[in-house]
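Visitor: Here it is, the structure, as structure tokens.
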Amino acid sequence: MAIVPLRKCLTAQTDDWADPQVLAWYGLSVLTAAYYGYLVLQTSFAGDYVIQDDARQHVFWMLRFVDASLLPNDLMADYFQSNAPVGYTLLYRTIAALGLHPFVFNKLLPVGLSLLTTHYCFRFSLQLLPVPAAAFISTLLLNQTLWMRDDIVSGTPRAFVYPLLLAFLVYLNGRAFWPCMGVLALQPLFYPHCALLSAGILVIQLWQVKEGKLGLVQDPQRYRFSAVGLGILVSLLAPYALEKSAFGPLISAAKARTMPEFAPGGRAAYFNDQPLFFWFGDRAGFFPTPVFTPPFLALSLLFPWLWGRSRSSAMSRLRSRAAILQPLVLSSFGLYFAAHLLLFRLHLPSRYTTHSLRIFFALTAGFTLWFIITALLRFWEVPGPDCWAAKIFSGAVLSLLIGLLLGYSALTQSFPVTANRYGRVPEMYEFLRQTPNDTTVASLTRETSNLHAFAQRSPLISPELGLPYHTGYYEQFRTRVGDLIDAQYSDNLEAVQDFIRRYDINFWLLDDKSFSPDFLADNKWFNQHQPEAQAAIAQLSDREAAPILEQAKTDCTVFETTLQGKALARLSERDAERLWLLDASCLLNLQQTAFSSGHFR
């Protein structure tokens, strides 16, 4: 009967890497991860002007590695460069020195990280439950959930948390001292949040509950791991705590509560009066969002029941090996609540639970699914002619489960999530690239957030880069936005010219929604900046005084385009379809008398 060898293949228990079963399931895991990576690369290299959304924050400034003269005196580039972890920066700098552009490397890096994550997840799963088929299922679920979020695909510091955390767990659980210490040395250099998680695990593993009492363990090897590991982490994390940022200090929680940037719809939306949205939100919540994606992750909710009820030999081995999961969860939630108490000194609370819980859910859901599949297979072997109806039903359920598990990527239209951003005006990017490297563009359009990456020139402000966590940075950023709004909607030519001289503006970029009061009234980012936004909307609604820039488009436009074809297809109804690039030197040469006293004709 064909079902018997299938069951033996799925239930074989071994953690010997020389065993063909381990090699076969491991190879299948790697091939699946490589296939998912191939799907990502297809979209990432779909055109010349494609960049991952978060790379517009964390990678754009690395253009300086290609040409040191690019983005000179750029406030935003200086800020994000100063906040990049040392190891992350060194990796990109080294790759750039070898001739690979940072943007190209950013597209390739997620595939490499996903393969490393696959390797360590399979190894860790096999350590906990020595069943290669179960390790494949858990690893597959982790890969699926990772490609449904924009973490690992971003190639930013947080993308490193999965291979670094899993590698640490593998080496700690396997008592591999030097590899474990090596991984601990890397964590603060790439993603300090991961280092704090590991530090918590090293502390918690020294304690145990025995006969209902909490006490220290009597294992000298654990003390050795914890003592040396914590020494490494403290020495490498100390600079983050002691070094004063040139853009500090960090904003206080009390101040943040008063700012629209931290309210719902704000650039850094955090606070919310509705508890459900707060505790399950992307920044303050403790659950990964979206929750239980893929849906098989919900099976992790059944895992505690199996843990307590199953008497199988596989569960017995899992109980004896899975103790490390407890410090992982306790460390995650301990740091999560500490981050709430110390807001924002440990950055965002969700960073300490969402990544580790994805790993935890993938493992426990994978184990649960394996127990369900093997139970269905065993049912097929029950003898007797009266069981065929039940066997057919169980076979259908089994086929459905396996089909959904393996076919999830094909059944989900949004898989994989890349959060790529596409350049809409290549001609304008090429035009700006021909200008001097110190060119500065003033603009409030959505296209502003693409200028760093695609035009390789500095916008005065970029909505994408307006993060309000460091007051020294954001006060300068906020002042620029307010001054820009005042100037863009001013009917006083002298005020516009003073702004151009003050910020050394070379070009001004406008779109066809720039002077629509209804569009601006619905623009959440624009309305964060009060009272300037309200004054601008009121002036446009009045329609008596025409902004200088609206009138100057005829005389000072050096580049104009209407979006067509594929670019237009990517736009929503509310997005701009026409752009004007005005020459600031032309604006400086205008005379107020040329504008019909600031009124429309």
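Chain labels run A, B, ... following the order of the structure tokens; each chain numbers its residues from 1, and ligands are numbered from 1 in the order shown.
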Report the closest atom pair, with its distance in Å rounded to one decimal, for each residue of stretch 353-431 of chain A that has an atom no farther than 10 Å from stretch 122-138 of chain A; count only C-alpha atoms, sort by chain and then rising residue number, and write it as JSON lines.
Guide:
```
{"residue": "A:Ile359", "atom": "CA", "partner": "A:Ser138", "partner_atom": "CA", "distance": 8.9}
{"residue": "A:Phe360", "atom": "CA", "partner": "A:Ser138", "partner_atom": "CA", "distance": 9.6}
{"residue": "A:Phe361", "atom": "CA", "partner": "A:Ser138", "partner_atom": "CA", "distance": 8.8}
{"residue": "A:Ala362", "atom": "CA", "partner": "A:Ser138", "partner_atom": "CA", "distance": 5.3}
{"residue": "A:Leu363", "atom": "CA", "partner": "A:Ser138", "partner_atom": "CA", "distance": 4.9}
{"residue": "A:Thr364", "atom": "CA", "partner": "A:Ser138", "partner_atom": "CA", "distance": 7.6}
{"residue": "A:Ala365", "atom": "CA", "partner": "A:Ser138", "partner_atom": "CA", "distance": 7.0}
{"residue": "A:Gly366", "atom": "CA", "partner": "A:Ser138", "partner_atom": "CA", "distance": 4.1}
{"residue": "A:Phe367", "atom": "CA", "partner": "A:Ala134", "partner_atom": "CA", "distance": 5.9}
{"residue": "A:Thr368", "atom": "CA", "partner": "A:Ala134", "partner_atom": "CA", "distance": 8.9}
{"residue": "A:Leu369", "atom": "CA", "partner": "A:Ile137", "partner_atom": "CA", "distance": 7.9}
{"residue": "A:Trp370", "atom": "CA", "partner": "A:Ala134", "partner_atom": "CA", "distance": 5.6}
{"residue": "A:Phe371", "atom": "CA", "partner": "A:Ala134", "partner_atom": "CA", "distance": 8.6}
{"residue": "A:Ile402", "atom": "CA", "partner": "A:Ile137", "partner_atom": "CA", "distance": 10.0}
{"residue": "A:Leu405", "atom": "CA", "partner": "A:Ile137", "partner_atom": "CA", "distance": 8.3}
{"residue": "A:Leu406", "atom": "CA", "partner": "A:Ile137", "partner_atom": "CA", "distance": 9.3}
```
Visitor: Write the residues of the preceding selection, restricted to N, CA and C atoms, as a compact mmCIF listing (two decimals), in the first residue's frame.
Guide:
```
# COMPACT_ATOMS: atom_id res chain seq x y z
N ILE A 359 9.09 33.36 14.25
CA ILE A 359 9.88 32.12 14.34
C ILE A 359 9.15 31.10 15.22
N PHE A 360 8.68 31.55 16.37
CA PHE A 360 7.99 30.66 17.31
C PHE A 360 6.73 30.07 16.68
N PHE A 361 5.93 30.91 16.02
CA PHE A 361 4.70 30.42 15.40
C PHE A 361 4.99 29.44 14.27
N ALA A 362 6.01 29.73 13.47
CA ALA A 362 6.35 28.83 12.36
C ALA A 362 6.76 27.46 12.89
N LEU A 363 7.57 27.45 13.94
CA LEU A 363 8.03 26.18 14.51
C LEU A 363 6.86 25.40 15.11
N THR A 364 6.10 26.03 15.98
CA THR A 364 5.03 25.31 16.67
C THR A 364 3.89 24.94 15.72
N ALA A 365 3.59 25.81 14.76
CA ALA A 365 2.56 25.46 13.77
C ALA A 365 3.05 24.31 12.89
N GLY A 366 4.32 24.34 12.54
CA GLY A 366 4.88 23.25 11.74
C GLY A 366 4.82 21.92 12.47
N PHE A 367 5.18 21.93 13.74
CA PHE A 367 5.11 20.70 14.53
C PHE A 367 3.66 20.20 14.63
N THR A 368 2.74 21.13 14.87
CA THR A 368 1.33 20.76 15.00
C THR A 368 0.81 20.16 13.70
N LEU A 369 1.13 20.79 12.59
CA LEU A 369 0.68 20.30 11.30
C LEU A 369 1.27 18.91 11.02
N TRP A 370 2.52 18.72 11.40
CA TRP A 370 3.13 17.40 11.21
C TRP A 370 2.39 16.35 12.02
N PHE A 371 2.03 16.64 13.27
CA PHE A 371 1.28 15.69 14.10
C PHE A 371 -0.07 15.38 13.46
N ILE A 402 -1.90 19.25 2.40
CA ILE A 402 -0.61 19.25 1.70
C ILE A 402 -0.65 20.18 0.50
N LEU A 405 -0.50 23.76 1.75
CA LEU A 405 0.83 24.05 2.30
C LEU A 405 1.84 24.31 1.18
N LEU A 406 1.88 23.42 0.20
CA LEU A 406 2.87 23.55 -0.86
C LEU A 406 2.47 24.59 -1.90
```
Visitor: Contacts between stretch 458-461 of chain A and stretch 27-143 of chain A, please, where a residue of stretch 27-143 of chain A counts if it comes within 8 Å (with only C-alpha atoms); show its shortest atom pair and distance in Å to one decimal, rows by chain and ascending number, as a tab-separated table.
Guide:
```
residue	atom	partner	partner_atom	distance
A:Leu71	CA	A:Ser458	CA	5.9
A:Asp74	CA	A:Ser458	CA	6.6
A:Met76	CA	A:Ile461	CA	7.9
```
Visitor: Mind dumping the selected residues with N, CA and C atoms as a compact mmCIF listing (two decimals), in the first residue's frame?
Guide:
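For reference, selection04.txt as written:
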```txt
# COMPACT_ATOMS: atom_id res chain seq x y z
N LEU A 71 25.25 63.85 -2.85
CA LEU A 71 24.45 64.24 -1.67
C LEU A 71 25.27 65.03 -0.67
N ASP A 74 23.71 67.05 2.86
CA ASP A 74 22.33 66.58 2.84
C ASP A 74 21.94 66.17 4.26
N MET A 76 19.24 64.82 5.51
CA MET A 76 18.61 63.49 5.65
C MET A 76 19.61 62.37 5.45
```
Visitor: Per residue of stretch 313-427 of chain A within 12 Å of stretch 579-590 of chain A, what are the shortest atom pair and its distance in Å to one decimal, counting only C-alpha atoms, with rows by chain and residue number, as CSV?
Guide:
```
residue,atom,partner,partner_atom,distance
A:Arg424,CA,A:Leu579,CA,10.4
A:Val425,CA,A:Leu579,CA,8.9
A:Glu427,CA,A:Leu579,CA,11.4
```
Visitor: Name all residues at most 10 Å from A:Ser516 (count only C-alpha atoms; drop same-chain ones fewer than 5 positions away) and give them as a VMD selection string.
Guide: chain A and resid 521 537 540 to 541
Visitor: Would you write out those residues with N, CA and C atoms, as a PDB file, in the first residue's frame?
Guide:
```
ATOM      1  N   ALA A 521      -6.321  69.028   1.635  1.00  0.00           N
ATOM      2  CA  ALA A 521      -7.095  68.839   2.867  1.00  0.00           C
ATOM      3  C   ALA A 521      -7.158  67.365   3.259  1.00  0.00           C
ATOM      4  N   ILE A 537      -4.159  75.963   2.713  1.00  0.00           N
ATOM      5  CA  ILE A 537      -5.450  75.500   2.211  1.00  0.00           C
ATOM      6  C   ILE A 537      -6.459  76.647   2.190  1.00  0.00           C
ATOM      7  N   LEU A 540      -5.681  78.887  -0.810  1.00  0.00           N
ATOM      8  CA  LEU A 540      -6.091  78.291  -2.079  1.00  0.00           C
ATOM      9  C   LEU A 540      -7.609  78.268  -2.215  1.00  0.00           C
ATOM     10  N   SER A 541      -8.309  78.060  -1.116  1.00  0.00           N
ATOM     11  CA  SER A 541      -9.772  78.039  -1.146  1.00  0.00           C
ATOM     12  C   SER A 541     -10.337  79.412  -1.443  1.00  0.00           C
TER      13      SER A 541
END
```
Visitor: For A:Ala199, find every residue with an atom within 9 Å (counting only C-alpha atoms), except residues of its own chain fewer than 6 positions away, and show them as a list in words.
Guide: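 Skipping anything fewer than 6 positions along the chain leaves Leu184, Ser226, Gly229, Leu230, Leu233, Val234 and Ser331 of chain A.
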Visitor: Using only C-alpha atoms, find the one residue out of A:Ala269, A:Leu493, A:Ile251, A:Ala533 that sits nearest to A:His470.
Guide: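 Closest to A:His470, using only C-alpha atoms: A:Ile251.
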Visitor: Within 10 Å of A:Phe60, counting only C-alpha atoms, which residues show up once you throw out same-chain ones fewer than 3 positions away? Write them as a list of chain:residue names, please.
Guide: A:Ile51, A:Asp54, A:Ala55, A:Arg56, A:Gln57, A:Leu63, A:Arg64, A:Leu71, A:Met76, A:Ala77, A:Phe80, A:Gln81, A:Pro102, A:Phe103, A:Asn450, A:Leu451, A:His452, A:Ala453, A:Phe454, A:Gln456
Visitor: Just the strand (DSSP E) stuff from stretch 361-576 of chain A, please, per backbone DSSP, written as an NGL selection string.
Guide: :A and (420-422 or 440-443 or 458-459 or 507-511 or 557-562)
Visitor: If we count only C-alpha atoms, what is near stretch 110-118 of chain A at a cut-off of 10 Å, once residues fewer than 4 positions away on the same chain are taken out, given as a PyMOL selection string?
Guide: chain A and resi 26+29-38+40-41+105-106+122-124+136+138-140+142-143+146-147+151-156+159-167
